[in-house]
>>> print(open('final27.txt').read())   # compact mmCIF, C-alpha atoms (C1' of nucleotides)
# COMPACT_ATOMS: atom_id res chain seq x y z
CA MET A 1 66.40 201.26 31.39
CA ALA A 2 64.98 199.09 34.12
CA ASP A 3 61.66 200.83 33.66
CA ASN A 4 61.27 199.69 30.10
CA LEU A 5 62.66 196.28 30.68
CA PHE A 6 59.35 194.63 31.27
CA LYS A 7 57.94 195.88 28.04
CA LYS A 8 60.84 194.65 25.92
CA LYS A 9 60.13 191.54 23.94
CA VAL A 10 62.95 189.12 23.33
CA LEU A 11 63.14 186.15 21.05
CA VAL A 12 65.81 183.81 22.33
CA ALA A 13 67.29 181.33 19.88
CA MET A 14 67.69 178.07 21.74
CA SER A 15 69.79 175.23 20.44
CA GLY A 16 69.02 172.91 23.31
CA GLY A 17 72.51 173.33 24.70
CA VAL A 18 73.70 174.73 27.99
CA ASP A 19 74.68 178.13 26.71
CA SER A 20 71.46 179.21 25.05
CA SER A 21 69.46 177.67 27.89
CA VAL A 22 71.30 179.75 30.46
CA ALA A 23 70.95 182.77 28.20
CA ALA A 24 67.20 182.26 28.34
CA LEU A 25 67.34 181.74 32.08
CA LEU A 26 69.19 185.01 32.60
CA LEU A 27 66.84 186.97 30.38
CA LYS A 28 63.86 185.49 32.17
CA GLU A 29 65.31 186.50 35.51
CA ALA A 30 66.03 189.96 34.18
CA GLY A 31 62.35 190.36 33.54
CA PHE A 32 62.14 190.44 29.76
CA GLU A 33 59.04 189.24 27.99
CA LEU A 34 60.64 186.13 26.67
CA THR A 35 59.85 183.70 23.88
CA GLY A 36 61.94 180.64 23.17
CA MET A 37 62.60 179.53 19.60
CA THR A 38 64.52 176.73 17.99
CA MET A 39 65.47 176.66 14.36
CA CYS A 40 64.67 173.44 12.61
CA LEU A 41 67.51 173.01 10.17
CA GLY A 42 66.48 169.68 8.74
CA ILE A 43 69.41 167.86 10.20
CA ARG A 44 69.36 164.28 11.27
CA GLN A 45 71.53 163.61 14.24
CA GLU A 46 73.48 160.60 15.30
CA GLU A 47 72.93 159.22 18.76
CA GLY A 48 74.88 160.94 21.48
CA ARG A 49 76.18 163.73 19.33
CA ALA A 50 76.03 167.25 20.62
CA SER A 51 75.38 170.00 18.16
CA CYS A 52 74.23 173.56 17.82
CA CYS A 53 71.19 172.54 15.85
CA GLY A 54 68.99 169.63 14.91
CA GLY A 55 68.31 166.28 16.50
CA ASP A 56 67.16 166.26 20.10
CA ALA A 57 67.84 169.96 20.15
CA ILE A 58 64.20 170.87 19.79
CA ASP A 59 63.06 168.60 22.61
CA ASP A 60 65.76 169.83 24.93
CA ALA A 61 64.98 173.44 24.18
CA LYS A 62 61.30 172.87 24.74
CA ARG A 63 61.89 171.25 28.11
CA VAL A 64 63.97 174.21 29.22
CA CYS A 65 61.26 176.60 28.08
CA ASP A 66 58.64 174.64 29.98
CA GLN A 67 60.80 174.83 33.06
CA LEU A 68 61.25 178.57 32.65
CA GLY A 69 57.57 179.00 31.96
CA ILE A 70 57.99 180.65 28.60
CA PRO A 71 56.48 179.76 25.23
CA HIS A 72 58.55 177.83 22.72
CA PHE A 73 58.24 177.77 18.97
CA VAL A 74 60.03 176.00 16.18
CA PHE A 75 60.82 177.91 13.02
CA ASP A 76 61.48 175.98 9.88
CA PHE A 77 64.78 177.11 8.45
CA ALA A 78 65.61 173.88 6.71
CA PRO A 79 65.21 175.21 3.15
CA LEU A 80 67.35 178.27 3.85
CA MET A 81 69.91 176.11 5.61
CA GLU A 82 70.16 173.88 2.57
CA ASP A 83 70.33 176.71 0.05
CA LEU A 84 72.45 179.27 1.78
CA VAL A 85 74.69 177.36 4.14
CA ILE A 86 75.06 173.79 2.93
CA GLY A 87 74.77 174.69 -0.73
CA LYS A 88 77.48 177.30 -0.41
CA PHE A 89 79.58 174.95 1.69
CA ILE A 90 79.62 172.44 -1.14
CA SER A 91 80.10 174.90 -3.98
CA GLU A 92 83.00 176.54 -2.19
CA TYR A 93 84.82 173.27 -1.71
CA VAL A 94 84.24 172.41 -5.34
CA LYS A 95 85.97 175.67 -6.21
CA GLY A 96 88.99 174.65 -4.18
CA ARG A 97 88.19 177.03 -1.35
CA THR A 98 87.59 176.21 2.31
CA PRO A 99 84.31 177.64 3.56
CA ASN A 100 83.32 178.41 7.11
CA PRO A 101 79.71 177.25 7.44
CA CYS A 102 79.34 178.58 10.98
CA VAL A 103 80.05 182.08 9.74
CA ASP A 104 77.53 181.67 6.94
CA CYS A 105 74.94 180.31 9.34
CA ASN A 106 75.29 183.49 11.33
CA ARG A 107 75.40 185.65 8.21
CA TYR A 108 72.36 184.20 6.46
CA LEU A 109 70.31 182.48 9.12
CA LYS A 110 70.66 183.58 12.72
CA PHE A 111 71.54 187.21 12.13
CA GLY A 112 70.01 187.30 8.69
CA ALA A 113 66.65 185.69 8.10
CA LEU A 114 65.93 184.91 11.73
CA LEU A 115 66.71 188.37 12.99
CA GLN A 116 64.57 189.96 10.28
CA LYS A 117 61.76 187.61 11.11
CA ALA A 118 62.00 188.41 14.81
CA ILE A 119 61.85 192.12 14.13
CA GLY A 120 59.00 191.55 11.73
CA LEU A 121 57.11 189.71 14.45
CA GLY A 122 57.46 192.67 16.77
CA PHE A 123 60.34 191.53 18.92
CA ASP A 124 62.73 194.17 20.21
CA TYR A 125 65.64 191.79 20.47
CA LEU A 126 67.03 188.54 19.24
CA ALA A 127 69.14 186.82 21.90
CA THR A 128 71.56 183.90 21.57
CA GLY A 129 73.98 182.03 23.80
CA HIS A 130 77.07 183.24 22.00
CA TYR A 131 80.08 184.37 23.96
CA ALA A 132 80.42 187.97 22.83
CA ARG A 133 79.33 191.38 24.02
CA ILE A 134 77.48 194.23 22.41
CA GLU A 135 77.77 197.63 24.01
CA GLN A 136 76.90 201.17 23.15
CA LYS A 137 79.89 203.40 23.73
CA ASP A 138 80.48 206.93 22.51
CA ASP A 139 77.22 206.87 20.65
CA ARG A 140 78.19 203.81 18.71
CA TRP A 141 77.18 200.18 19.04
CA ARG A 142 80.13 197.87 19.27
CA LEU A 143 80.63 194.15 19.00
CA LEU A 144 83.16 193.17 21.65
CA ARG A 145 85.05 190.12 22.75
CA PRO A 146 83.51 188.42 25.80
CA GLU A 147 84.73 188.16 29.34
CA ASP A 148 85.70 184.54 28.75
CA LYS A 149 88.47 185.04 26.21
CA ASN A 150 88.85 181.31 25.89
CA LYS A 151 85.32 180.97 24.50
CA ASP A 152 85.43 184.09 22.36
CA GLN A 153 83.07 183.55 19.43
CA THR A 154 83.30 186.98 17.86
CA TYR A 155 85.22 185.48 14.96
CA PHE A 156 82.01 183.80 13.83
CA LEU A 157 79.86 186.84 14.51
CA TYR A 158 81.44 189.50 12.34
CA PRO A 159 78.66 189.29 9.71
CA ILE A 160 76.13 190.94 12.00
CA LYS A 161 75.15 194.24 10.39
CA LYS A 162 76.10 197.40 12.18
CA ASP A 163 72.51 198.58 12.27
CA ASP A 164 71.34 195.29 13.73
CA LEU A 165 73.65 195.38 16.75
CA PRO A 166 71.10 197.30 18.88
CA HIS A 167 68.67 194.45 18.35
CA VAL A 168 70.92 191.63 19.46
CA LEU A 169 71.53 190.40 23.00
CA PHE A 170 74.33 188.12 24.18
CA PRO A 171 73.50 187.47 27.84
CA LEU A 172 76.60 185.33 28.37
CA GLY A 173 79.07 187.99 27.27
CA GLY A 174 80.14 188.80 30.79
CA MET A 175 80.36 185.24 32.05
CA LYS A 176 82.89 182.45 32.08
CA LYS A 177 81.90 179.07 30.75
CA ASP A 178 82.27 177.55 34.20
CA GLU A 179 79.87 180.06 35.63
CA VAL A 180 77.36 179.34 32.90
CA ARG A 181 77.45 175.65 33.61
CA ALA A 182 77.24 176.25 37.35
CA ARG A 183 74.23 178.46 36.77
CA ALA A 184 72.56 175.72 34.75
CA ILE A 185 73.17 173.17 37.50
CA GLU A 186 71.93 175.56 40.15
CA ALA A 187 68.74 176.17 38.19
CA GLY A 188 68.28 172.46 37.70
CA LEU A 189 68.31 172.62 33.93
CA HIS A 190 68.47 169.12 32.53
CA VAL A 191 70.92 170.21 29.85
CA ALA A 192 73.45 171.36 32.44
CA GLN A 193 75.91 168.55 31.74
CA LYS A 194 75.49 168.43 28.01
CA ALA A 195 78.70 168.24 26.02
CA GLU A 196 80.06 171.16 24.06
CA SER A 197 78.92 171.29 20.50
CA GLN A 198 81.65 170.83 17.99
CA ASP A 199 82.31 169.96 14.39
CA ILE A 200 80.11 171.08 11.56
CA CYS A 201 76.52 170.68 12.75
CA PHE A 202 75.17 169.09 9.58
CA VAL A 203 78.01 166.62 9.35
CA ASN A 204 77.98 163.42 11.36
CA GLU A 205 80.62 160.90 12.32
CA GLY A 206 83.30 160.68 9.68
CA GLY A 207 83.71 164.36 8.99
CA TYR A 208 82.86 166.47 6.01
CA ARG A 209 84.59 164.19 3.53
CA LYS A 210 82.19 161.41 4.36
CA TYR A 211 79.34 163.88 4.10
CA PHE A 212 80.39 164.65 0.56
CA GLU A 213 80.48 160.95 -0.17
CA GLU A 214 76.97 160.48 1.15
CA ARG A 215 75.71 163.34 -0.98
CA ASN A 216 77.59 162.06 -4.01
CA VAL A 217 79.71 165.14 -4.22
CA SER A 218 83.00 164.21 -5.76
CA LEU A 219 85.70 165.53 -8.03
CA PRO A 220 88.18 163.60 -10.16
CA ALA A 221 91.40 162.33 -8.63
CA GLY A 222 94.68 163.87 -9.70
CA ASP A 223 98.34 164.27 -8.96
CA ILE A 224 99.95 165.61 -5.84
CA VAL A 225 103.01 167.62 -6.84
CA ASP A 226 105.70 169.68 -5.18
CA ARG A 227 106.44 173.28 -6.09
CA THR A 228 108.61 172.25 -9.00
CA GLY A 229 105.83 170.14 -10.46
CA LYS A 230 107.34 166.81 -9.53
CA VAL A 231 104.64 164.21 -8.97
CA LEU A 232 104.74 162.80 -5.44
CA GLY A 233 101.44 160.98 -5.23
CA ARG A 234 97.74 160.99 -6.01
CA HIS A 235 94.86 162.90 -4.47
CA SER A 236 91.25 161.81 -4.27
CA GLY A 237 89.66 165.02 -5.51
CA ILE A 238 90.36 168.60 -4.55
CA ILE A 239 87.34 168.81 -2.23
CA ASN A 240 89.14 166.57 0.22
CA TYR A 241 91.99 168.98 0.84
CA THR A 242 92.54 172.37 2.34
CA ILE A 243 95.52 174.68 2.64
CA GLY A 244 97.80 173.80 5.52
CA GLN A 245 96.52 170.24 5.66
CA ARG A 246 99.10 167.66 6.63
CA SER A 247 97.35 164.40 7.23
CA GLY A 248 95.78 162.28 4.54
CA LEU A 249 98.38 162.88 1.87
CA GLY A 250 99.86 159.42 2.27
CA ILE A 251 103.28 160.58 1.14
CA SER A 252 106.31 159.83 3.24
CA ALA A 253 109.13 162.32 2.96
CA LYS A 254 112.03 163.63 5.01
CA ALA A 255 109.71 166.01 6.78
CA PRO A 256 105.93 166.29 6.88
CA LEU A 257 104.30 167.75 3.80
CA TYR A 258 101.53 170.32 3.83
CA VAL A 259 99.03 171.39 1.22
CA LEU A 260 100.20 174.75 -0.17
CA GLY A 261 97.45 175.25 -2.69
CA PHE A 262 95.75 173.98 -5.81
CA ASP A 263 96.43 174.08 -9.50
CA ALA A 264 92.89 174.19 -10.81
CA THR A 265 93.70 173.74 -14.49
CA GLY A 266 95.88 170.70 -13.87
CA ASN A 267 93.62 169.38 -11.12
CA ARG A 268 96.68 169.13 -8.93
CA VAL A 269 97.29 169.55 -5.23
CA ILE A 270 100.55 171.35 -4.51
CA VAL A 271 102.44 170.40 -1.37
CA GLY A 272 105.56 171.60 0.36
CA ASP A 273 107.32 172.17 3.65
CA LYS A 274 105.82 173.92 6.62
CA GLU A 275 107.86 177.05 5.97
CA ASP A 276 106.32 177.35 2.51
CA LEU A 277 102.96 177.86 4.19
CA PHE A 278 103.71 181.38 5.30
CA ALA A 279 102.45 184.35 3.34
CA SER A 280 102.44 188.05 4.03
CA GLY A 281 99.02 189.23 3.00
CA LEU A 282 95.58 188.64 1.58
CA THR A 283 92.57 190.20 -0.03
CA VAL A 284 89.10 190.11 1.45
CA GLY A 285 85.63 190.19 -0.05
CA ASP A 286 82.09 189.99 1.37
CA LEU A 287 83.08 192.75 3.72
CA ASN A 288 80.99 193.70 6.70
CA LEU A 289 82.23 196.79 8.46
CA LEU A 290 81.06 197.65 11.95
CA THR A 291 82.67 201.06 11.96
CA ASN A 292 82.77 203.93 9.49
CA ASP A 293 86.32 204.98 10.01
CA LEU A 294 88.85 202.24 9.56
CA PRO A 295 92.24 202.59 11.18
CA GLU A 296 95.30 201.94 9.06
CA GLU A 297 96.47 199.16 11.31
CA VAL A 298 94.43 196.48 13.03
CA ASP A 299 94.81 193.13 14.74
CA ALA A 300 93.31 190.42 12.61
CA LYS A 301 92.48 186.75 12.84
CA ILE A 302 92.57 184.49 9.81
CA ARG A 303 91.14 181.52 11.64
CA TYR A 304 89.26 180.76 14.82
CA ARG A 305 91.30 180.13 17.91
CA LYS A 306 94.35 182.06 16.82
CA LYS A 307 95.79 185.17 18.36
CA PRO A 308 95.14 188.28 16.28
CA ALA A 309 98.13 189.46 14.26
CA ARG A 310 99.07 193.03 13.48
CA CYS A 311 98.53 194.14 9.91
CA ARG A 312 98.03 197.13 7.67
CA ILE A 313 94.70 197.30 5.87
CA ILE A 314 93.93 199.12 2.65
CA LYS A 315 90.35 199.52 1.49
CA GLU A 316 89.94 199.07 -2.24
CA SER A 317 86.36 199.80 -3.23
CA ASP A 318 84.32 196.97 -1.73
CA LYS A 319 87.38 194.87 -0.96
CA LEU A 320 90.14 194.98 1.57
CA ARG A 321 93.81 194.23 1.28
CA ALA A 322 95.74 193.30 4.38
CA ILE A 323 99.50 193.08 4.79
CA PHE A 324 100.76 191.46 7.95
CA PHE A 325 103.77 192.63 9.89
CA GLU A 326 104.77 189.00 10.34
CA PRO A 327 104.01 186.36 7.70
CA GLN A 328 100.99 184.22 8.59
CA GLU A 329 100.69 180.47 8.30
CA SER A 330 98.18 178.84 5.96
CA ILE A 331 96.14 181.81 4.84
CA THR A 332 93.14 180.06 3.34
CA PRO A 333 90.66 181.45 0.79
CA GLY A 334 87.11 180.95 2.00
CA GLN A 335 87.97 181.39 5.65
CA ALA A 336 87.05 184.52 7.56
CA PHE A 337 89.32 187.49 8.08
CA VAL A 338 88.13 189.34 11.17
CA PHE A 339 89.85 192.42 12.48
CA TYR A 340 89.87 194.04 15.85
CA SER A 341 90.95 197.09 17.74
CA ASP A 342 91.61 195.80 21.23
CA ASP A 343 88.42 193.96 22.15
CA GLU A 344 86.25 195.51 19.49
CA VAL A 345 85.38 193.81 16.22
CA LEU A 346 85.76 196.42 13.51
CA GLY A 347 84.68 194.17 10.70
CA GLY A 348 85.46 191.12 8.67
CA GLY A 349 85.06 189.33 5.41
CA VAL A 350 85.96 186.30 3.42
CA ILE A 351 89.54 185.72 2.33
CA GLU A 352 89.74 185.69 -1.47
CA ASN A 353 93.39 185.66 -2.44
CA VAL A 354 96.72 185.10 -0.77
CA ILE A 355 99.48 187.64 -1.33
CA HIS A 356 102.87 186.02 -1.15
CA SER A 357 105.26 188.93 -1.41
CA GLU A 358 105.26 192.60 -0.58
C1' U B 359 125.16 133.35 -14.55
C1' G B 360 132.54 136.95 -15.43
C1' G B 361 133.30 140.77 -11.64
C1' G B 362 131.25 144.13 -7.80
C1' G B 363 127.23 145.93 -4.49
C1' C B 364 122.77 145.45 -1.74
C1' G B 365 118.49 143.24 0.75
C1' U B 366 116.17 146.01 8.63
C1' C B 367 108.36 148.54 9.89
C1' G B 368 103.97 150.90 4.26
C1' U B 369 108.46 154.47 2.82
C1' C B 370 113.38 156.38 4.08
C1' A B 371 116.90 154.79 7.53
C1' A B 372 120.36 153.76 12.21
C1' G B 373 122.74 149.43 13.80
C1' C B 374 129.11 146.62 12.46
C1' G B 375 128.60 140.09 18.16
C1' G B 376 125.27 141.62 23.49
C1' U B 377 119.82 141.09 22.92
C1' A B 378 115.88 146.23 16.74
C1' A B 379 117.21 154.33 17.07
C1' G B 380 114.76 157.98 14.44
C1' A B 381 111.91 160.38 10.52
C1' C B 382 107.74 160.23 7.19
C1' A B 383 103.19 157.64 6.53
C1' C B 384 99.21 155.34 9.17
C1' A B 385 95.70 154.56 13.52
C1' G B 386 93.47 156.18 18.07
C1' G B 387 92.87 160.10 21.60
C1' A B 388 93.12 165.38 23.40
C1' U B 389 92.12 170.50 21.99
C1' U B 390 87.92 173.16 19.03
C1' U B 391 80.71 175.92 17.47
C1' U B 392 84.25 175.57 10.40
C1' G B 393 88.13 173.11 7.65
C1' G B 394 93.21 172.74 8.74
C1' U B 395 97.05 173.12 12.36
C1' U B 396 99.08 171.50 17.14
C1' C B 397 99.66 167.99 21.18
C1' C B 398 99.59 162.85 23.34
C1' U B 399 99.68 157.63 22.52
C1' G B 400 100.29 153.31 19.49
C1' C B 401 102.94 151.14 15.44
C1' A B 402 109.18 145.28 13.32
C1' U B 403 109.79 139.30 19.77
C1' U B 404 112.02 140.72 14.51
C1' C B 405 116.04 142.15 10.54
C1' G B 406 115.00 138.23 2.16
C1' G B 407 115.10 132.51 3.19
C1' A B 408 117.52 128.05 5.20
C1' G B 409 121.43 126.14 7.83
C1' G B 410 126.09 126.85 10.79
C1' U B 411 129.77 129.24 14.47
C1' U B 412 128.89 131.39 19.45
C1' C B 413 126.80 131.69 26.30
C1' G B 414 124.65 135.18 22.83
C1' A B 415 123.98 137.29 15.82
C1' A B 416 120.32 141.95 12.11
C1' U B 417 125.53 142.01 12.89
C1' C B 418 130.60 136.25 11.44
C1' C B 419 130.45 131.73 7.85
C1' U B 420 127.82 128.64 3.95
C1' C B 421 124.10 127.89 0.46
C1' C B 422 119.65 129.62 -1.84
C1' C B 423 116.19 133.71 -3.46
C1' G B 424 115.57 138.81 -5.17
C1' C B 425 117.29 143.45 -6.80
C1' C B 426 121.18 146.95 -8.69
C1' C B 427 125.82 148.29 -11.19
C1' C B 428 130.26 147.39 -14.42
C1' A B 429 132.06 144.71 -18.06
C1' G B 430 129.35 141.42 -21.89
>>> encode(input="final27.txt", output="structure tokens")
Amino acid sequence: MADNLFKKKVLVAMSGGVDSSVAALLLKEAGFELTGMTMCLGIRQEEGRASCCGGDAIDDAKRVCDQLGIPHFVFDFAPLMEDLVIGKFISEYVKGRTPNPCVDCNRYLKFGALLQKAIGLGFDYLATGHYARIEQKDDRWRLLRPEDKNKDQTYFLYPIKKDDLPHVLFPLGGMKKDEVRARAIEAGLHVAQKAESQDICFVNEGGYRKYFEERNVSLPAGDIVDRTGKVLGRHSGIINYTIGQRSGLGISAKAPLYVLGFDATGNRVIVGDKEDLFASGLTVGDLNLLTNDLPEEVDAKIRYRKKPARCRIIKESDKLRAIFFEPQESITPGQAFVFYSDDEVLGGGVIENVIHSE
RNA sequence: UGGGGCGUCGUCAAGCGGUAAGACACAGGAUUUUGGUUCCUGCAUUCGGAGGUUCGAAUCCUCCCGCCCCAG
């Protein structure tokens, strides 16, 4: 493997942050023929805000590339970003669902259009600074959770196609975040102390609701009701709410109220107690399977930063039905359902419906 | 305008002479490559108003104001 290393061409996607910069650094040190690239996503950035894309990102990435002595290019992905990620983000919310734009960015951009472009340009690999591992074991390529379980980003990476796994590199998969930052400092990278990126990258101060306002995306106001249909208050349009949401309802009650779901025909938001949030199963669409033989039971996550929960899965044509051993809180259509066997991601998809009994 | 009851934070609500609990809501912060959750912090010098009794009152007395109920 070391023999071929020098001939392998890698395109490293650089956001201008610490992680992707160190990823580039490591690949450079490993002797790959490296090219740095930053996606221009057409995003205007507020001062002092850290993000995975846009803003000063390009300048920062370029400086790191200069320091590493590798070429740097900017690819224009703004139109695709608008159509596939932001457009879907908005249309999903309008439908009363809660999208996960980071998953879609990976699905359509990074490991979709960008990866295809890289391969088309003759690169052997696309590398990113994600915390995840890809390994070939037993003649199969596997997407695995990283060494740093606290930074595990596999939940966002499930859309990578099985056949593309051999073309993707995650140099940080075996490292802890602390080590990455230490490495950046040691190498004198100017981005070493940059803050973690967080929040939706195309949304600035004020959150996504303000973003909708700025883009003139709005839906009519309506009633907030309890499960019996009793009117408790008013909502400002279904796009401003998501299942499990507590704050922003403006209703005082004996105990906090949570959004249980939506009544589309009546344009109503249904709220209830925390215990009403639990459901036993769900159905999944937009499946991406990373293995050919699915086990009957898996450990699955219905949201980022949550411990996987045991469930039974049943494949139904191009969909999946999952029934949890223990009821799960706030299962939300539009969010990702990602399932694992130990550290391996077996696949994932988008939650379509919630199953309340079974 | 005869009788009875009640007025404490945006809402609900403790307090019953000893110097304003709590919950919900709200705001800020922490956590986080989505949204949501969660966690931490803040939030009535003042108890419908005005007098009075008392060392001391939201708590007792008087009057006024505003609600509610039962008879009308």
>>> residues_near_point(input="final27.txt", point="(114.3, 140.0, 12.1)", cutoff="8 Å", atoms="all atoms listed in the file", output="list in words")
U366, A378, A402, U404, C405 and A416 of chain B
>>> closest_residue(input="final27.txt", among="B:G375, B:G360, B:G386, B:G393", to="chain A", atoms="all atoms listed in the file")
B:G393
>>> interface_residues(input="final27.txt", of="chain A", to="chain B", cutoff="9 Å", atoms="all atoms listed in the file", output="VMD selection string")
chain A and resid 51 to 52 98 to 103 153 156 196 to 201 208 241 to 257 304 to 305 330 335
>>> atom_distance(input="final27.txt", atom1="CA of Ile119 in chain A", atom2="CA of Val85 in chain A")
22.0 Å
>>> atom_distance(input="final27.txt", atom1="CA of Glu214 in chain A", atom2="CA of Ile43 in chain A")
13.9 Å
>>> closest_residue(input="final27.txt", among="B:G380, B:C425, B:U411, B:G430", to="G365 in chain B", atoms="all atoms listed in the file")
B:C425
